[in-house]
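run-v1.cif follows; it contains mmCIF, C-alpha atoms.
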```
data_coords
loop_
_atom_site.group_PDB
_atom_site.id
_atom_site.type_symbol
_atom_site.label_atom_id
_atom_site.label_comp_id
_atom_site.auth_asym_id
_atom_site.auth_seq_id
_atom_site.Cartn_x
_atom_site.Cartn_y
_atom_site.Cartn_z
ATOM 1 C CA MET A 8 0.000 0.000 0.000
ATOM 2 C CA ASN A 9 1.373 3.385 -1.064
ATOM 3 C CA TRP A 10 0.448 5.720 1.793
ATOM 4 C CA ILE A 11 1.245 8.893 -0.126
ATOM 5 C CA SER A 12 -0.733 8.080 -3.277
ATOM 6 C CA ASN A 13 -3.626 6.341 -1.539
ATOM 7 C CA TYR A 14 -4.170 8.722 1.376
ATOM 8 C CA VAL A 15 -2.146 11.949 1.291
ATOM 9 C CA ARG A 16 -2.773 12.895 -2.350
ATOM 10 C CA PRO A 17 -6.588 12.355 -2.229
ATOM 11 C CA LYS A 18 -6.712 14.348 1.011
ATOM 12 C CA ILE A 19 -4.840 17.283 -0.541
ATOM 13 C CA ASN A 20 -6.983 17.124 -3.686
ATOM 14 C CA SER A 21 -10.169 17.231 -1.617
ATOM 15 C CA LEU A 22 -8.936 20.327 0.214
ATOM 16 C CA PHE A 23 -7.993 22.251 -2.911
ATOM 17 C CA SER A 24 -10.527 20.882 -5.383
ATOM 18 C CA ARG A 25 -12.738 23.434 -7.076
ATOM 19 C CA ARG A 26 -16.204 23.599 -5.561
ATOM 20 C CA GLU A 27 -19.201 23.830 -7.829
ATOM 21 C CA VAL A 28 -20.724 27.305 -7.848
ATOM 22 C CA PRO A 29 -24.359 27.836 -8.930
ATOM 23 C CA GLU A 30 -24.585 29.620 -12.267
ATOM 24 C CA ASN A 31 -27.287 32.066 -11.139
ATOM 25 C CA LEU A 32 -25.265 33.798 -8.404
ATOM 26 C CA TRP A 33 -24.130 36.572 -10.755
ATOM 27 C CA SER A 34 -25.847 38.648 -13.408
ATOM 28 C CA LYS A 35 -24.172 40.762 -16.064
ATOM 29 C CA CYS A 36 -25.495 44.259 -16.613
ATOM 30 C CA PRO A 37 -26.433 44.527 -20.314
ATOM 31 C CA GLU A 38 -25.570 48.230 -20.331
ATOM 32 C CA CYS A 39 -22.100 48.422 -18.729
ATOM 33 C CA GLY A 40 -21.098 44.753 -18.416
ATOM 34 C CA THR A 41 -20.595 44.851 -14.635
ATOM 35 C CA MET A 42 -21.033 41.513 -12.854
ATOM 36 C CA LEU A 43 -23.634 41.926 -10.112
ATOM 37 C CA PHE A 44 -24.183 39.576 -7.170
ATOM 38 C CA HIS A 45 -27.751 38.273 -7.260
ATOM 39 C CA ARG A 46 -28.618 39.267 -3.692
ATOM 40 C CA GLU A 47 -27.337 42.805 -4.125
ATOM 41 C CA LEU A 48 -29.215 43.077 -7.423
ATOM 42 C CA ALA A 49 -32.440 41.876 -5.788
ATOM 43 C CA ASP A 50 -32.026 44.379 -2.927
ATOM 44 C CA ALA A 51 -31.549 47.130 -5.532
ATOM 45 C CA LEU A 52 -34.808 46.075 -7.290
ATOM 46 C CA GLY A 53 -32.949 45.088 -10.431
ATOM 47 C CA VAL A 54 -31.024 48.354 -10.827
ATOM 48 C CA CYS A 55 -27.306 48.186 -11.681
ATOM 49 C CA GLY A 56 -25.210 49.769 -8.942
ATOM 50 C CA ALA A 57 -22.512 50.814 -11.427
ATOM 51 C CA CYS A 58 -24.443 52.557 -14.216
ATOM 52 C CA ASP A 59 -28.002 52.807 -12.777
ATOM 53 C CA HIS A 60 -29.435 50.743 -15.623
ATOM 54 C CA HIS A 61 -32.969 49.516 -14.836
ATOM 55 C CA MET A 62 -33.239 45.832 -15.698
ATOM 56 C CA PRO A 63 -36.608 44.181 -16.359
ATOM 57 C CA LEU A 64 -38.573 42.935 -13.354
ATOM 58 C CA SER A 65 -41.066 40.118 -13.502
ATOM 59 C CA ALA A 66 -44.658 41.060 -12.736
ATOM 60 C CA ARG A 67 -44.572 38.992 -9.552
ATOM 61 C CA ASP A 68 -41.386 40.684 -8.285
ATOM 62 C CA ARG A 69 -42.732 44.121 -9.130
ATOM 63 C CA LEU A 70 -45.957 43.590 -7.223
ATOM 64 C CA ALA A 71 -44.039 42.196 -4.256
ATOM 65 C CA ALA A 72 -41.855 45.319 -4.218
ATOM 66 C CA LEU A 73 -44.859 47.626 -4.610
ATOM 67 C CA PHE A 74 -47.211 46.402 -1.886
ATOM 68 C CA ASP A 75 -46.477 46.872 1.813
ATOM 69 C CA ASN A 76 -44.380 43.936 3.062
ATOM 70 C CA GLY A 77 -45.007 42.244 -0.298
ATOM 71 C CA VAL A 78 -48.512 41.247 0.817
ATOM 72 C CA TYR A 79 -51.353 41.366 -1.711
ATOM 73 C CA ILE A 80 -54.288 39.310 -2.967
ATOM 74 C CA ASP A 81 -54.478 38.091 -6.558
ATOM 75 C CA VAL A 82 -57.554 39.338 -8.388
ATOM 76 C CA PRO A 83 -59.015 36.532 -10.531
ATOM 77 C CA VAL A 84 -59.041 37.056 -14.292
ATOM 78 C CA GLU A 85 -61.333 35.208 -16.690
ATOM 79 C CA ALA A 86 -59.351 32.972 -19.039
ATOM 80 C CA PRO A 87 -60.298 33.344 -22.731
ATOM 81 C CA LYS A 88 -60.418 30.590 -25.336
ATOM 82 C CA ALA A 89 -56.914 29.151 -25.633
ATOM 83 C CA ASP A 90 -56.413 29.244 -29.424
ATOM 84 C CA PRO A 91 -59.326 31.058 -31.082
ATOM 85 C CA LEU A 92 -57.731 31.244 -34.554
ATOM 86 C CA ALA A 93 -55.898 27.873 -34.557
ATOM 87 C CA PHE A 94 -52.804 29.948 -35.313
ATOM 88 C CA ARG A 95 -49.503 28.324 -36.240
ATOM 89 C CA ASP A 96 -46.183 29.733 -37.413
ATOM 90 C CA GLN A 97 -43.023 27.822 -36.528
ATOM 91 C CA LYS A 98 -44.911 26.461 -33.511
ATOM 92 C CA LYS A 99 -48.525 26.037 -32.561
ATOM 93 C CA TYR A 100 -49.885 28.869 -30.426
ATOM 94 C CA PRO A 101 -50.790 26.545 -27.499
ATOM 95 C CA ASP A 102 -47.212 25.250 -27.510
ATOM 96 C CA ARG A 103 -45.872 28.807 -27.273
ATOM 97 C CA LEU A 104 -48.217 29.505 -24.363
ATOM 98 C CA LYS A 105 -47.089 26.378 -22.525
ATOM 99 C CA ALA A 106 -43.424 27.284 -23.051
ATOM 100 C CA ALA A 107 -43.995 30.808 -21.712
ATOM 101 C CA GLN A 108 -45.941 29.471 -18.735
ATOM 102 C CA LYS A 109 -43.136 27.035 -17.931
ATOM 103 C CA GLU A 110 -40.456 29.729 -18.255
ATOM 104 C CA THR A 111 -42.215 32.382 -16.149
ATOM 105 C CA GLY A 112 -44.362 30.298 -13.817
ATOM 106 C CA GLU A 113 -47.327 32.563 -14.636
ATOM 107 C CA ALA A 114 -50.562 31.819 -16.455
ATOM 108 C CA GLU A 115 -50.383 34.867 -18.730
ATOM 109 C CA ALA A 116 -48.731 38.206 -19.424
ATOM 110 C CA MET A 117 -50.551 40.320 -16.804
ATOM 111 C CA LEU A 118 -51.112 39.996 -13.058
ATOM 112 C CA VAL A 119 -53.719 41.888 -11.030
ATOM 113 C CA GLY A 120 -53.436 42.346 -7.276
ATOM 114 C CA GLU A 121 -55.092 44.323 -4.488
ATOM 115 C CA GLY A 122 -53.459 45.519 -1.290
ATOM 116 C CA GLU A 123 -51.906 48.564 0.333
ATOM 117 C CA ILE A 124 -48.972 50.819 -0.504
ATOM 118 C CA GLY A 125 -47.946 53.110 2.313
ATOM 119 C CA ARG A 126 -51.116 51.962 4.098
ATOM 120 C CA THR A 127 -53.139 53.246 1.145
ATOM 121 C CA PRO A 128 -55.465 50.671 -0.485
ATOM 122 C CA ILE A 129 -55.071 50.267 -4.258
ATOM 123 C CA VAL A 130 -55.544 47.829 -7.120
ATOM 124 C CA ALA A 131 -52.529 47.196 -9.370
ATOM 125 C CA ALA A 132 -52.116 45.516 -12.765
ATOM 126 C CA CYS A 133 -48.680 44.587 -14.053
ATOM 127 C CA GLN A 134 -47.503 43.292 -17.421
ATOM 128 C CA ASP A 135 -44.696 40.743 -17.584
ATOM 129 C CA PHE A 136 -42.399 41.258 -20.574
ATOM 130 C CA ASN A 137 -40.891 37.821 -19.984
ATOM 131 C CA PHE A 138 -44.205 36.250 -21.044
ATOM 132 C CA MET A 139 -44.220 36.412 -24.851
ATOM 133 C CA ALA A 140 -42.815 39.961 -24.713
ATOM 134 C CA GLY A 141 -45.781 41.066 -22.589
ATOM 135 C CA SER A 142 -47.901 40.988 -25.732
ATOM 136 C CA MET A 143 -51.479 42.210 -25.462
ATOM 137 C CA GLY A 144 -53.977 39.436 -26.085
ATOM 138 C CA MET A 145 -57.483 38.666 -24.906
ATOM 139 C CA TYR A 146 -56.258 37.677 -21.448
ATOM 140 C CA VAL A 147 -54.560 41.054 -20.974
ATOM 141 C CA GLY A 148 -57.792 42.786 -21.998
ATOM 142 C CA ASN A 149 -59.712 40.663 -19.509
ATOM 143 C CA ALA A 150 -57.142 41.501 -16.816
ATOM 144 C CA ILE A 151 -57.493 45.257 -17.337
ATOM 145 C CA ILE A 152 -61.280 45.012 -17.182
ATOM 146 C CA ALA A 153 -61.070 42.836 -14.041
ATOM 147 C CA ALA A 154 -58.692 45.363 -12.442
ATOM 148 C CA ALA A 155 -60.973 48.298 -13.301
ATOM 149 C CA GLU A 156 -64.107 46.535 -12.055
ATOM 150 C CA ARG A 157 -62.380 45.542 -8.805
ATOM 151 C CA ALA A 158 -61.103 49.094 -8.283
ATOM 152 C CA ILE A 159 -64.618 50.458 -8.804
ATOM 153 C CA GLU A 160 -66.118 47.869 -6.471
ATOM 154 C CA LEU A 161 -63.639 48.736 -3.699
ATOM 155 C CA LYS A 162 -63.506 52.471 -4.588
ATOM 156 C CA ARG A 163 -59.725 52.314 -4.984
ATOM 157 C CA PRO A 164 -57.346 53.862 -7.514
ATOM 158 C CA LEU A 165 -55.837 51.663 -10.221
ATOM 159 C CA ILE A 166 -52.087 51.641 -10.904
ATOM 160 C CA LEU A 167 -50.957 49.885 -14.087
ATOM 161 C CA PHE A 168 -47.379 48.925 -14.988
ATOM 162 C CA SER A 169 -46.956 48.557 -18.747
ATOM 163 C CA ALA A 170 -44.255 46.535 -20.496
ATOM 164 C CA ALA A 171 -45.046 45.102 -23.911
ATOM 165 C CA GLY A 172 -43.910 44.633 -27.458
ATOM 166 C CA GLY A 173 -47.421 45.355 -28.722
ATOM 167 C CA ALA A 174 -50.429 43.245 -29.691
ATOM 168 C CA ARG A 175 -50.179 39.444 -29.831
ATOM 169 C CA MET A 176 -50.084 38.424 -33.480
ATOM 170 C CA GLN A 177 -51.261 34.864 -32.725
ATOM 171 C CA GLU A 178 -54.685 36.291 -31.829
ATOM 172 C CA GLY A 179 -54.938 38.601 -34.840
ATOM 173 C CA ILE A 180 -57.862 41.026 -34.838
ATOM 174 C CA LEU A 181 -58.958 39.688 -31.444
ATOM 175 C CA SER A 182 -55.812 41.149 -29.876
ATOM 176 C CA LEU A 183 -56.417 44.533 -31.538
ATOM 177 C CA MET A 184 -59.938 44.553 -30.087
ATOM 178 C CA GLN A 185 -58.347 44.840 -26.630
ATOM 179 C CA MET A 186 -57.420 48.445 -27.429
ATOM 180 C CA PRO A 187 -61.040 49.707 -27.387
ATOM 181 C CA ARG A 188 -61.953 47.259 -24.586
ATOM 182 C CA SER A 189 -59.209 48.627 -22.339
ATOM 183 C CA THR A 190 -60.205 52.190 -23.280
ATOM 184 C CA VAL A 191 -63.743 51.460 -22.063
ATOM 185 C CA ALA A 192 -62.293 50.120 -18.787
ATOM 186 C CA VAL A 193 -60.387 53.382 -18.288
ATOM 187 C CA GLU A 194 -63.579 55.367 -18.961
ATOM 188 C CA MET A 195 -65.375 53.279 -16.326
ATOM 189 C CA LEU A 196 -62.767 54.428 -13.793
ATOM 190 C CA ARG A 197 -63.208 58.052 -14.847
ATOM 191 C CA ASP A 198 -66.981 57.825 -14.533
ATOM 192 C CA ALA A 199 -66.483 56.469 -11.008
ATOM 193 C CA GLY A 200 -64.163 59.374 -10.148
ATOM 194 C CA LEU A 201 -61.194 57.090 -9.430
ATOM 195 C CA PRO A 202 -57.576 57.838 -10.372
ATOM 196 C CA TYR A 203 -55.834 55.789 -13.053
ATOM 197 C CA ILE A 204 -52.033 55.984 -12.881
ATOM 198 C CA VAL A 205 -49.737 54.413 -15.468
ATOM 199 C CA VAL A 206 -46.100 53.511 -14.869
ATOM 200 C CA LEU A 207 -44.396 52.944 -18.213
ATOM 201 C CA THR A 208 -41.439 50.563 -18.042
ATOM 202 C CA HIS A 209 -38.974 49.417 -20.684
ATOM 203 C CA PRO A 210 -40.222 48.717 -23.301
ATOM 204 C CA THR A 211 -43.783 49.919 -23.863
ATOM 205 C CA THR A 212 -44.558 49.828 -27.579
ATOM 206 C CA GLY A 213 -47.171 49.166 -30.233
ATOM 207 C CA GLY A 214 -50.892 48.942 -29.533
ATOM 208 C CA VAL A 215 -50.291 49.095 -25.780
ATOM 209 C CA THR A 216 -48.890 52.618 -26.148
ATOM 210 C CA ALA A 217 -51.761 53.480 -28.470
ATOM 211 C CA SER A 218 -54.362 52.541 -25.869
ATOM 212 C CA TYR A 219 -54.362 52.073 -22.090
ATOM 213 C CA ALA A 220 -50.688 52.935 -21.511
ATOM 214 C CA MET A 221 -51.218 56.576 -22.508
ATOM 215 C CA LEU A 222 -54.692 57.175 -21.051
ATOM 216 C CA GLY A 223 -53.730 57.681 -17.416
ATOM 217 C CA ASP A 224 -54.441 60.661 -15.227
ATOM 218 C CA VAL A 225 -50.729 60.620 -14.361
ATOM 219 C CA HIS A 226 -47.936 59.096 -16.445
ATOM 220 C CA ILE A 227 -44.680 58.080 -14.778
ATOM 221 C CA ALA A 228 -41.805 56.318 -16.537
ATOM 222 C CA GLU A 229 -38.655 54.589 -15.383
ATOM 223 C CA PRO A 230 -35.351 56.089 -16.578
ATOM 224 C CA ASN A 231 -34.368 55.413 -20.205
ATOM 225 C CA ALA A 232 -37.501 53.350 -20.903
ATOM 226 C CA LEU A 233 -38.375 52.970 -24.591
ATOM 227 C CA ILE A 234 -41.919 54.277 -25.110
ATOM 228 C CA CYS A 235 -43.283 54.376 -28.658
ATOM 229 C CA PHE A 236 -45.733 53.001 -31.210
ATOM 230 C CA ALA A 237 -43.287 52.178 -33.992
ATOM 231 C CA GLY A 238 -39.652 51.671 -33.000
ATOM 232 C CA PRO A 239 -36.943 54.221 -33.835
ATOM 233 C CA ARG A 240 -35.280 51.915 -36.368
ATOM 234 C CA VAL A 241 -38.534 51.558 -38.326
ATOM 235 C CA ILE A 242 -39.103 55.336 -38.289
ATOM 236 C CA GLN A 243 -35.528 56.090 -39.360
ATOM 237 C CA GLN A 244 -35.747 53.657 -42.264
ATOM 238 C CA THR A 245 -39.122 55.079 -43.294
ATOM 239 C CA ILE A 246 -38.270 58.785 -43.298
ATOM 240 C CA GLY A 247 -34.629 58.308 -44.261
ATOM 241 C CA GLU A 248 -33.347 60.777 -41.643
ATOM 242 C CA LYS A 249 -31.247 60.455 -38.534
ATOM 243 C CA LEU A 250 -33.312 60.725 -35.357
ATOM 244 C CA PRO A 251 -32.403 62.921 -32.371
ATOM 245 C CA GLU A 252 -30.314 61.332 -29.630
ATOM 246 C CA GLY A 253 -32.454 59.568 -27.052
ATOM 247 C CA PHE A 254 -35.490 59.691 -29.358
ATOM 248 C CA GLN A 255 -38.554 57.918 -27.845
ATOM 249 C CA ARG A 256 -36.813 57.382 -24.511
ATOM 250 C CA ALA A 257 -38.504 58.438 -21.281
ATOM 251 C CA GLU A 258 -36.409 61.576 -20.776
ATOM 252 C CA TYR A 259 -37.070 62.736 -24.363
ATOM 253 C CA LEU A 260 -40.817 62.253 -23.926
ATOM 254 C CA LEU A 261 -40.735 64.105 -20.613
ATOM 255 C CA ASP A 262 -39.049 67.080 -22.260
ATOM 256 C CA HIS A 263 -41.741 67.088 -24.967
ATOM 257 C CA GLY A 264 -44.711 66.966 -22.608
ATOM 258 C CA MET A 265 -45.843 63.347 -23.029
ATOM 259 C CA LEU A 266 -44.932 62.274 -19.479
ATOM 260 C CA ASP A 267 -45.423 63.800 -16.053
ATOM 261 C CA ARG A 268 -42.412 62.309 -14.275
ATOM 262 C CA VAL A 269 -39.382 60.076 -14.815
ATOM 263 C CA THR A 270 -38.712 58.378 -11.506
ATOM 264 C CA HIS A 271 -35.962 56.061 -10.298
ATOM 265 C CA ARG A 272 -37.242 52.647 -9.264
ATOM 266 C CA ARG A 273 -36.087 53.045 -5.665
ATOM 267 C CA ASP A 274 -38.235 56.205 -5.323
ATOM 268 C CA LEU A 275 -41.233 54.949 -7.274
ATOM 269 C CA LYS A 276 -43.301 53.528 -4.421
ATOM 270 C CA ASP A 277 -43.027 56.668 -2.266
ATOM 271 C CA GLU A 278 -43.992 58.834 -5.223
ATOM 272 C CA LEU A 279 -46.983 56.657 -6.045
ATOM 273 C CA VAL A 280 -48.168 56.836 -2.427
ATOM 274 C CA LYS A 281 -48.018 60.641 -2.468
ATOM 275 C CA ILE A 282 -49.818 60.923 -5.824
ATOM 276 C CA VAL A 283 -52.540 58.436 -4.912
ATOM 277 C CA ARG A 284 -53.274 60.088 -1.585
ATOM 278 C CA LEU A 285 -53.337 63.511 -3.240
ATOM 279 C CA LEU A 286 -55.785 62.395 -5.933
ATOM 280 C CA MET A 287 -57.963 60.564 -3.386
ATOM 281 C CA HIS A 288 -58.080 63.675 -1.151
ATOM 282 C CA LEU A 289 -56.383 61.830 1.705
ATOM 283 C CA PRO A 290 -53.971 63.370 4.228
ATOM 284 C CA PRO A 291 -50.252 63.153 3.461
ATOM 285 C CA PRO A 292 -48.657 59.755 4.123
ATOM 286 C CA VAL A 293 -47.046 59.068 7.476
ATOM 287 C CA MET A 294 -43.430 58.129 6.838
ATOM 288 C CA GLY A 295 -42.164 55.148 8.769
ATOM 289 C CA ASP A 296 -43.625 51.845 9.811
ATOM 290 C CA LEU A 297 -45.923 53.046 12.587
ATOM 291 C CA PRO A 298 -49.557 54.090 12.063
ATOM 292 C CA ALA A 299 -50.554 57.705 12.295
ATOM 293 C CA PRO A 300 -51.122 58.910 15.875
ATOM 294 C CA THR A 301 -54.668 59.487 17.074
ATOM 295 C CA PRO A 302 -55.760 63.109 17.676
ATOM 296 C CA GLU A 303 -55.481 62.545 21.432
ATOM 297 C CA GLU A 304 -51.936 61.222 21.117
ATOM 298 C CA ALA A 305 -50.984 64.116 18.835
ATOM 299 C CA LYS A 306 -51.949 66.777 21.395
ATOM 300 C CA PRO A 307 -48.888 68.493 22.916
ATOM 301 C CA GLU A 308 -48.220 67.754 26.563
ATOM 302 C CA PRO A 309 -48.838 70.650 28.991
ATOM 303 C CA ALA A 310 -45.741 72.602 29.885
ATOM 304 C CA ASP A 311 -44.321 72.121 33.377
ATOM 305 C CA SER A 312 -45.236 74.873 35.829
ATOM 306 C CA PRO A 313 -42.319 77.180 36.624
ATOM 307 C CA ALA A 314 -40.422 76.368 39.773
ATOM 308 C CA GLU A 315 -41.220 78.637 42.681
#
```

Structure re-expressed in structure tokens:
Amino acid sequence: MNWISNYVRPKINSLFSRREVPENLWSKCPECGTMLFHRELADALGVCGACDHHMPLSARDRLAALFDNGVYIDVPVEAPKADPLAFRDQKKYPDRLKAAQKETGEAEAMLVGEGEIGRTPIVAACQDFNFMAGSMGMYVGNAIIAAAERAIELKRPLILFSAAGGARMQEGILSLMQMPRSTVAVEMLRDAGLPYIVVLTHPTTGGVTASYAMLGDVHIAEPNALICFAGPRVIQQTIGEKLPEGFQRAEYLLDHGMLDRVTHRRDLKDELVKIVRLLMHLPPPVMGDLPAPTPEEAKPEPADSPAE
């Protein structure tokens, strides 16, 4: 028995052998290339600490970051017919849906939830760009109507986060019909005297921009978000001219009066709380984790009598 080869060498190799590291511990910023630790990136809500680039958030993560302590209730949405046109390109439409559902863990491209932000009750709808590019189909139209009806029932404002590549081509004209349907839902909110606030995230394009994404009482966008109907490359090729720098980005639209605010993701929740409470004629929010004091508790204590 060779003691060195049979015992010492395996022991040394076990001490210095390379341990397997999970592949999802680090993410690369697509803007500056910085490697970001997954926990730090999650704490920063998907914002690069080096260049401030806002990465996409899933609808589930966005709602969890929006609502107080991440607590909210899912609002049910009626599911439409799965494949109304029996559409097929390289794949069957049902197969594409199943692949997107497996990848994202969600049933469709929009989630609706109800809860509180800054102790202020709201209803929120959020598109998930990871689900077939957040494309607007019949389910998304149903989700917007469900969100509006629930907001009216509870007398709460509706906040919608848009992120989409446009209408879903696999549903053809049925997807385009969601533009007037969602417009009617917005009008229902207006008739009820309830605020409708839109947060436009990167990217918001196509028929989504041409309908419910630009019909809000207040429009807020995340920094450098692409917001347009037709993309800048299509426009440049059509008119044959070079477009201005930053064309169709959030800051450009803000300068030209199409947006009300461009807000960093870390400040977005506080700003939404202030706007919602202002539009609902509520008192200013109480900062901190404690509830507002009662009138009796807020009364100043009597001053001590002067010493004799």

Residue contacts of stretch 83-100 of chain A (12 Å, only C-alpha atoms) excluding same-chain residues fewer than 6 positions away, as a PyMOL selection string | chain A and resi 106-107+114-121+132+139+144-157+175-182

Starting from the displayed file, determine the output of the PyMOL selection byres ((chain A and resi 197) around 12) and express the residue list as a PDB file with C-alpha atoms, keeping the file's coordinate frame.
```
ATOM      1  CA  ALA A 155     -60.973  48.298 -13.301  1.00  0.00           C
ATOM      2  CA  GLU A 156     -64.107  46.535 -12.055  1.00  0.00           C
ATOM      3  CA  ALA A 158     -61.103  49.094  -8.283  1.00  0.00           C
ATOM      4  CA  ILE A 159     -64.618  50.458  -8.804  1.00  0.00           C
ATOM      5  CA  LYS A 162     -63.506  52.471  -4.588  1.00  0.00           C
ATOM      6  CA  ARG A 163     -59.725  52.314  -4.984  1.00  0.00           C
ATOM      7  CA  PRO A 164     -57.346  53.862  -7.514  1.00  0.00           C
ATOM      8  CA  LEU A 165     -55.837  51.663 -10.221  1.00  0.00           C
ATOM      9  CA  THR A 190     -60.205  52.190 -23.280  1.00  0.00           C
ATOM     10  CA  VAL A 191     -63.743  51.460 -22.063  1.00  0.00           C
ATOM     11  CA  ALA A 192     -62.293  50.120 -18.787  1.00  0.00           C
ATOM     12  CA  VAL A 193     -60.387  53.382 -18.288  1.00  0.00           C
ATOM     13  CA  GLU A 194     -63.579  55.367 -18.961  1.00  0.00           C
ATOM     14  CA  MET A 195     -65.375  53.279 -16.326  1.00  0.00           C
ATOM     15  CA  LEU A 196     -62.767  54.428 -13.793  1.00  0.00           C
ATOM     16  CA  ASP A 198     -66.981  57.825 -14.533  1.00  0.00           C
ATOM     17  CA  ALA A 199     -66.483  56.469 -11.008  1.00  0.00           C
ATOM     18  CA  GLY A 200     -64.163  59.374 -10.148  1.00  0.00           C
ATOM     19  CA  LEU A 201     -61.194  57.090  -9.430  1.00  0.00           C
ATOM     20  CA  PRO A 202     -57.576  57.838 -10.372  1.00  0.00           C
ATOM     21  CA  TYR A 203     -55.834  55.789 -13.053  1.00  0.00           C
ATOM     22  CA  ILE A 204     -52.033  55.984 -12.881  1.00  0.00           C
ATOM     23  CA  LEU A 222     -54.692  57.175 -21.051  1.00  0.00           C
ATOM     24  CA  GLY A 223     -53.730  57.681 -17.416  1.00  0.00           C
ATOM     25  CA  ASP A 224     -54.441  60.661 -15.227  1.00  0.00           C
TER      26      ASP A 224
END
```

Let me know the residues the PyMOL selection byres ((chain A and resi 128) around 12) catches in the file above, as an MDAnalysis selection string.
-> chainID A and resid 73:75 78:80 120:127 129:131 157:158 161:166 279:280 283:284 287 289

Given all atoms listed in the file as the counted atoms, nearest of A:Ile242, A:Ala228, A:Cys36, A:Leu233 to A:Asp267 =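 Nearest to A:Asp267: A:Ala228.
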
Resolved residues for the PyMOL selection byres ((chain A and resi 64) around 8) as a ChimeraX atom specification | /A:52-53,62-63,65-66,68-69,135

Mind dumping the selected residues with C-alpha atoms as a CSV table (one decimal), in the frame of the given file?
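Saved file result.csv follows:
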```
chain,number,residue,atom,x,y,z
A,52,LEU,CA,-34.8,46.1,-7.3
A,53,GLY,CA,-32.9,45.1,-10.4
A,62,MET,CA,-33.2,45.8,-15.7
A,63,PRO,CA,-36.6,44.2,-16.4
A,65,SER,CA,-41.1,40.1,-13.5
A,66,ALA,CA,-44.7,41.1,-12.7
A,68,ASP,CA,-41.4,40.7,-8.3
A,69,ARG,CA,-42.7,44.1,-9.1
A,135,ASP,CA,-44.7,40.7,-17.6
```

Long-range neighbours of A:Met265 as a PyMOL selection string, 12 Å cut-off, all atoms listed in the file, 2 positions minimum in chain = chain A and resi 207+216+220-228+234-235+255-263+267-269

Could those residues be written to a file, using C-alpha atoms, as a compact mmCIF listing (two decimals), keeping the file's coordinate frame?
```
# COMPACT_ATOMS: atom_id res chain seq x y z
CA LEU A 207 -44.40 52.94 -18.21
CA THR A 216 -48.89 52.62 -26.15
CA ALA A 220 -50.69 52.94 -21.51
CA MET A 221 -51.22 56.58 -22.51
CA LEU A 222 -54.69 57.18 -21.05
CA GLY A 223 -53.73 57.68 -17.42
CA ASP A 224 -54.44 60.66 -15.23
CA VAL A 225 -50.73 60.62 -14.36
CA HIS A 226 -47.94 59.10 -16.44
CA ILE A 227 -44.68 58.08 -14.78
CA ALA A 228 -41.80 56.32 -16.54
CA ILE A 234 -41.92 54.28 -25.11
CA CYS A 235 -43.28 54.38 -28.66
CA GLN A 255 -38.55 57.92 -27.84
CA ARG A 256 -36.81 57.38 -24.51
CA ALA A 257 -38.50 58.44 -21.28
CA GLU A 258 -36.41 61.58 -20.78
CA TYR A 259 -37.07 62.74 -24.36
CA LEU A 260 -40.82 62.25 -23.93
CA LEU A 261 -40.74 64.10 -20.61
CA ASP A 262 -39.05 67.08 -22.26
CA HIS A 263 -41.74 67.09 -24.97
CA ASP A 267 -45.42 63.80 -16.05
CA ARG A 268 -42.41 62.31 -14.28
CA VAL A 269 -39.38 60.08 -14.82
```

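Of the listed residues (A:Val206, A:Leu43, A:Leu250, A:Leu104), A:Val206 comes nearest to A:Leu275; the distances count only C-alpha atoms.
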
What gap, in Å, lies between atom CA of A:Pro187 and atom CA of A:Tyr219?
->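 It comes out at 8.8 Å.
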
Could you write stretch 232-238 of chain A as a tab-separated table (two decimals), keeping the file's coordinate frame, with N, CA, C and O atoms rebuilt where they are missing?
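Produced file part31.tsv, reproduced below:
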```tsv
chain	number	residue	atom	x	y	z
A	232	ALA	N	-36.54	54.31	-20.35
A	232	ALA	CA	-37.50	53.35	-20.90
A	232	ALA	C	-37.86	53.73	-22.34
A	232	ALA	O	-38.07	54.91	-22.65
A	233	LEU	N	-37.93	52.75	-23.21
A	233	LEU	CA	-38.38	52.97	-24.59
A	233	LEU	C	-39.89	52.99	-24.61
A	233	LEU	O	-40.55	52.03	-24.20
A	234	ILE	N	-40.47	54.11	-25.08
A	234	ILE	CA	-41.92	54.28	-25.11
A	234	ILE	C	-42.28	54.78	-26.51
A	234	ILE	O	-41.90	55.89	-26.89
A	235	CYS	N	-43.02	53.98	-27.27
A	235	CYS	CA	-43.28	54.38	-28.66
A	235	CYS	C	-44.38	53.50	-29.24
A	235	CYS	O	-44.80	52.51	-28.63
A	236	PHE	N	-44.84	53.87	-30.43
A	236	PHE	CA	-45.73	53.00	-31.21
A	236	PHE	C	-44.88	52.18	-32.17
A	236	PHE	O	-44.77	50.98	-32.04
A	237	ALA	N	-44.26	52.84	-33.13
A	237	ALA	CA	-43.29	52.18	-33.99
A	237	ALA	C	-41.89	52.48	-33.47
A	237	ALA	O	-41.62	53.59	-33.00
A	238	GLY	N	-41.00	51.51	-33.54
A	238	GLY	CA	-39.65	51.67	-33.00
A	238	GLY	C	-38.82	52.67	-33.78
A	238	GLY	O	-39.11	52.98	-34.95
```
